[in-house]
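Notes for the one structure printed next.
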Amino acid sequence: MAVSIMNQAPYRRTYNSRERINNEQDASEHWLHPATGSKSGSGSASRNHRRHRCVTSEGELLPLEHKCQLPTCDRITINVSGKHFETWRKLIENHPDTLLGDPDKRCKYYDKQRDEYFFDRHRPTFDAIFEYYLYGDGLKRPPPVPDDVFLSELDFFEIEREVVDQYRRDEGYIPERTNLPVRGLKRKIWMVMEYPETSFLAYAIAIISVVITATSIALFCLETLDDLSSEHCVKGKEPNWVDPFFILESICSAWFTFELLIRLISCPSKMAFFKDFNNLVDVAAVVPYYVALFNILSTMSCDSEKSSASLAFLRVFRLIRIFKLTKHSAGLQVLLLTFKASIEGLCLFLIALVVCMLVFSSAVYFAEMGIDGSQIHSIPHAFWWAIITMTTVGYGEVVPVGVLGKVIGMMCALAGVLTLAIPVPIISENFNKFYSHKTGRGRT
């Protein structure tokens with residue numbers, strides 16, 4: 001065996017594996033005497049003449065520098081800071097707008113010697129990006145990866161904009177779209193009324209709006225006190241136009257009307273203006289006052305039963321003004337967004353609550369039926385007891401008397417605690433996402 005090896009040594013030159021892979025000529029040129037038995041010079045010339053390009057399964061020619069065996073020509077290797085990923089070329093080119101999906105964009109990262117694409121980037125982030133290429137079901141940020149690092153890597157690999165926007169929505173980013181009027185004066189007025197951070201005047205108007213909104217809500221509560229009660233419109237009497245609560249309410253309504261009209265005149269789009277929830281709240285804040293005022297002025301008296309009922313309803317409807325504070329409070333915005341994002345979990349909680357209520361109210365009714373002194377007379381009557389027990393409020397005005405009824409009550413309380421725990425993780429997760437990203441709304 002030793003003689004055989006020594007005899008072959010003169011016919012073969014030394015080389016390493018990297019040279020064999022990345023040599024511009026065919027790999028068989030590493031042998032001085034080819035297997036065909038032809039001479040070195042003539043064999044080299046014939047090989048250069050017969051040099052062919054690799055072809056994919058779809059008949060597409062690959063670049064001349066693409067050196068690999070034909071069965072694997074349709075695969076590429078991606079090296080991200082030392083971690084290798086291998087997949088079909090067609091799979092990543094299903095996303096042609098991305099860095100990896102565009103052959104022209106990724107070619108500058110091609111390592112010819114190692115036959116791979118090398119990226120000196122964040123490895124844990126690329127795990128999620130590679131999974132997106134494989135399955136295409138959206139982006140999932142790994143828990144250890146910071147959000148700003150993840151977004152930076154998405155920008156580098158040029159992931160589709162709509163996919164990144166969907167990820168941002170799932171992560172709790174609050175989108176903020178700025179739509180400004182084109183004209184100069186309307187633009188300045190809109191900036192003053194909508195963006196308190198743009199000028200001192202805009203900030204002052206925002207402060208005045210918050211103070212007047214808080215004053216209106218306080219008036220709504222204080223006018224129900226016996227010591228401060230003074231009715232503007234009492235049945236059988238003429239309207240009291242000098243009532244302090246009426247005067248203050250008129251001032252608040254006048255400010256809300258002025259604010260609404262100025263914003264409506266200067267807004268860039270009237271249709272978009274009335275589609276905004278905050279603007280609908282502004283309209284609802286002033287309409288009850290003018291409806292009540294027109295109702296009184298039309299008769300100049302408070303004798304009508306219809307007038308009294310409508311006034312009582314409109315006073316309660318004024319409470320909607322509290323939602324005007326959401327325009328100036330980021331905390332209230334986060335709460336509204338949290339409940340909106342948690343609607344599915346809350347619906348699941350309500351379904352579980354209703355099912356448990358029906359089960360335990362029926363069980364306690366049949367357990368208490370026929371017992372002297374029983375306080376539960378029907379299943380609908382037991383609904384109240386079941387809800388109060390499950391929410392652990394326990395007013396105590398309706399309680400089971402029998403032993404079996406008390407056991408059912410104990411089980412109802414335990415089931416209520418477990419049911420109440422259903423929406424807690426969902427609401428907490430959504431709140432944390434929106435709260436952590438509320439300062440990053442301007443990120444693009």
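We name chains A, B, ... following the order of the structure tokens; residues begin at 1 in each chain, and ligands are numbered from 1 as shown.
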> Per DSSP on the backbone, what are the helix (DSSP H, G or I) residues of region 102-173 of chain A, as an MDAnalysis selection string?
Replying inline: chainID A and resid 103:109 123:135 147:156 161:171
>> So that I can see what lies close to Glu162 (chain A), please list as a list in words the residues with an atom at most 12 Å from it, counting only C-alpha atoms and leaving out residues fewer than 4 positions away in the same chain.
In response: Asp97, Gly138, Leu139, Leu154, Glu158, Gln166, Tyr167, Arg168 and Arg169 of chain A
Based on the selection just made, write all heavy atoms of those residues as a PDB file, in the first residue's frame.
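Final output, part-v8.pdb:
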```pdb
ATOM      1  N   ASP A  97     -38.736  41.888  -3.608  1.00  0.00           N
ATOM      2  CA  ASP A  97     -38.479  43.255  -3.165  1.00  0.00           C
ATOM      3  C   ASP A  97     -37.516  43.322  -1.990  1.00  0.00           C
ATOM      4  O   ASP A  97     -37.111  44.421  -1.588  1.00  0.00           O
ATOM      5  CB  ASP A  97     -39.792  43.939  -2.787  1.00  0.00           C
ATOM      6  CG  ASP A  97     -40.723  44.088  -3.977  1.00  0.00           C
ATOM      7  OD1 ASP A  97     -40.205  44.187  -5.108  1.00  0.00           O
ATOM      8  OD2 ASP A  97     -41.952  44.090  -3.777  1.00  0.00           O
ATOM      9  N   GLY A 138     -46.000  36.185   8.450  1.00  0.00           N
ATOM     10  CA  GLY A 138     -45.761  37.353   9.281  1.00  0.00           C
ATOM     11  C   GLY A 138     -44.497  37.213  10.094  1.00  0.00           C
ATOM     12  O   GLY A 138     -43.860  36.161  10.154  1.00  0.00           O
ATOM     13  N   LEU A 139     -44.114  38.302  10.726  1.00  0.00           N
ATOM     14  CA  LEU A 139     -42.885  38.369  11.505  1.00  0.00           C
ATOM     15  C   LEU A 139     -43.189  38.186  12.981  1.00  0.00           C
ATOM     16  O   LEU A 139     -44.142  38.767  13.508  1.00  0.00           O
ATOM     17  CB  LEU A 139     -42.192  39.718  11.285  1.00  0.00           C
ATOM     18  CG  LEU A 139     -41.658  39.969   9.869  1.00  0.00           C
ATOM     19  CD1 LEU A 139     -41.327  41.428   9.686  1.00  0.00           C
ATOM     20  CD2 LEU A 139     -40.422  39.120   9.617  1.00  0.00           C
ATOM     21  N   LEU A 154     -34.788  44.537  10.131  1.00  0.00           N
ATOM     22  CA  LEU A 154     -35.809  44.481   9.084  1.00  0.00           C
ATOM     23  C   LEU A 154     -35.558  45.532   8.010  1.00  0.00           C
ATOM     24  O   LEU A 154     -35.760  45.282   6.813  1.00  0.00           O
ATOM     25  CB  LEU A 154     -37.198  44.682   9.689  1.00  0.00           C
ATOM     26  CG  LEU A 154     -37.690  43.618  10.676  1.00  0.00           C
ATOM     27  CD1 LEU A 154     -39.102  43.953  11.139  1.00  0.00           C
ATOM     28  CD2 LEU A 154     -37.649  42.234  10.065  1.00  0.00           C
ATOM     29  N   GLU A 158     -34.513  44.805   4.082  1.00  0.00           N
ATOM     30  CA  GLU A 158     -35.524  45.379   3.191  1.00  0.00           C
ATOM     31  C   GLU A 158     -36.775  44.505   3.105  1.00  0.00           C
ATOM     32  O   GLU A 158     -37.290  44.218   2.009  1.00  0.00           O
ATOM     33  CB  GLU A 158     -34.936  45.604   1.795  1.00  0.00           C
ATOM     34  CG  GLU A 158     -33.743  46.534   1.782  1.00  0.00           C
ATOM     35  CD  GLU A 158     -33.180  46.755   0.387  1.00  0.00           C
ATOM     36  OE1 GLU A 158     -33.916  46.476  -0.591  1.00  0.00           O
ATOM     37  OE2 GLU A 158     -32.019  47.189   0.267  1.00  0.00           O
ATOM     38  N   GLN A 166     -47.560  45.571   9.503  1.00  0.00           N
ATOM     39  CA  GLN A 166     -48.383  44.623  10.245  1.00  0.00           C
ATOM     40  C   GLN A 166     -47.708  44.200  11.534  1.00  0.00           C
ATOM     41  O   GLN A 166     -48.364  44.063  12.582  1.00  0.00           O
ATOM     42  CB  GLN A 166     -48.674  43.392   9.378  1.00  0.00           C
ATOM     43  CG  GLN A 166     -49.573  42.359  10.052  1.00  0.00           C
ATOM     44  CD  GLN A 166     -50.928  42.908  10.405  1.00  0.00           C
ATOM     45  OE1 GLN A 166     -51.549  43.615   9.598  1.00  0.00           O
ATOM     46  NE2 GLN A 166     -51.417  42.609  11.598  1.00  0.00           N
ATOM     47  N   TYR A 167     -46.397  44.009  11.497  1.00  0.00           N
ATOM     48  CA  TYR A 167     -45.653  43.680  12.713  1.00  0.00           C
ATOM     49  C   TYR A 167     -45.755  44.811  13.733  1.00  0.00           C
ATOM     50  O   TYR A 167     -45.947  44.569  14.929  1.00  0.00           O
ATOM     51  CB  TYR A 167     -44.188  43.412  12.370  1.00  0.00           C
ATOM     52  CG  TYR A 167     -43.259  43.547  13.551  1.00  0.00           C
ATOM     53  CD1 TYR A 167     -43.184  42.547  14.521  1.00  0.00           C
ATOM     54  CD2 TYR A 167     -42.474  44.691  13.718  1.00  0.00           C
ATOM     55  CE1 TYR A 167     -42.350  42.678  15.616  1.00  0.00           C
ATOM     56  CE2 TYR A 167     -41.638  44.825  14.809  1.00  0.00           C
ATOM     57  CZ  TYR A 167     -41.570  43.823  15.754  1.00  0.00           C
ATOM     58  OH  TYR A 167     -40.752  43.969  16.839  1.00  0.00           O
ATOM     59  N   ARG A 168     -45.633  46.037  13.258  1.00  0.00           N
ATOM     60  CA  ARG A 168     -45.708  47.178  14.178  1.00  0.00           C
ATOM     61  C   ARG A 168     -47.084  47.265  14.829  1.00  0.00           C
ATOM     62  O   ARG A 168     -47.195  47.592  16.015  1.00  0.00           O
ATOM     63  CB  ARG A 168     -45.386  48.466  13.425  1.00  0.00           C
ATOM     64  CG  ARG A 168     -43.921  48.588  12.995  1.00  0.00           C
ATOM     65  CD  ARG A 168     -43.763  49.680  11.947  1.00  0.00           C
ATOM     66  NE  ARG A 168     -44.094  50.973  12.506  1.00  0.00           N
ATOM     67  CZ  ARG A 168     -43.233  51.774  13.140  1.00  0.00           C
ATOM     68  NH1 ARG A 168     -41.976  51.394  13.282  1.00  0.00           N
ATOM     69  NH2 ARG A 168     -43.598  52.934  13.615  1.00  0.00           N
ATOM     70  N   ARG A 169     -48.123  46.970  14.045  1.00  0.00           N
ATOM     71  CA  ARG A 169     -49.476  46.985  14.635  1.00  0.00           C
ATOM     72  C   ARG A 169     -49.626  45.870  15.666  1.00  0.00           C
ATOM     73  O   ARG A 169     -50.241  46.076  16.721  1.00  0.00           O
ATOM     74  CB  ARG A 169     -50.522  46.841  13.531  1.00  0.00           C
ATOM     75  CG  ARG A 169     -50.698  48.083  12.681  1.00  0.00           C
ATOM     76  CD  ARG A 169     -51.915  47.974  11.789  1.00  0.00           C
ATOM     77  NE  ARG A 169     -51.746  46.956  10.773  1.00  0.00           N
ATOM     78  CZ  ARG A 169     -51.268  47.183   9.559  1.00  0.00           C
ATOM     79  NH1 ARG A 169     -50.889  48.401   9.222  1.00  0.00           N
ATOM     80  NH2 ARG A 169     -51.159  46.191   8.683  1.00  0.00           N
TER      81      ARG A 169
END
```
>> I'd like the neighbourhood of Asp282 (chain A) as an NGL selection string, where a residue qualifies if any of its atoms comes within 12 Å (using only C-alpha atoms), though same-chain residues fewer than 5 positions away should be ignored.
In response: :A and (209 or 213 or 253 or 255-261 or 263-264 or 273-274 or 276-277 or 287-288 or 318-327)
>> Can you tell me which residues surround Phe118 (chain A) at a distance of at most 6 Å, considering only C-alpha atoms, apart from same-chain residues fewer than 2 positions away, and format the answer as a PyMOL selection string?
In response: chain A and resi 79-80+109
>> Under the rule that only C-alpha atoms are counted, which of A:Ile422, A:Val399, A:Ala330, A:Ala382 is the nearest residue to Ala352 (chain A)?
In response: A:Ile422
> So which residues touch Ser361 (chain A) within 6 Å, counting only C-alpha atoms, skipping near sequence neighbours fewer than 3 positions away, as number ranges by chain?
Replying inline: A: 357-358, 364, 379, 382-383, 386
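Considering the residues A:Phe126, A:Ser329, A:Leu337, A:Glu116 and counting only C-alpha atoms, Ile207 (chain A) has its shortest atom-to-atom contact with A:Ser329.
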> Near Trp385 (chain A), within 12 Å and counting only C-alpha atoms, which residues show up once chain neighbours fewer than 2 positions away are dropped, as a PyMOL selection string?
Replying inline: chain A and resi 356-358+360-365+375-383+387-400+405+408-409+412-413
> In Å, with one decimal, what is the gap from CA of Ala254 (chain A) to CA of Phe200 (chain A)?
Replying inline: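 Atom-to-atom, CA of Ala254 (chain A) and CA of Phe200 (chain A) are spaced 22.8 Å apart.
Between CA of Tyr290 (chain A) and CA of Thr224 (chain A) the separation is 21.0 Å.
Nearest residue to Pro268 (chain A) among A:Asn94, A:Asn179, A:Ser199, A:Thr215 is A:Asn179, counting only C-alpha atoms.
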>> Going by DSSP on the backbone, which residues of region 92-309 of chain A come out as strand (DSSP E)? List them as a ChimeraX atom specification.
In response: /A:110-111,116-119
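Closest approach to Ile129 (chain A) among A:Leu346, A:Phe156, A:Pro103, A:Ala341 is made by A:Phe156 (distances from only C-alpha atoms).
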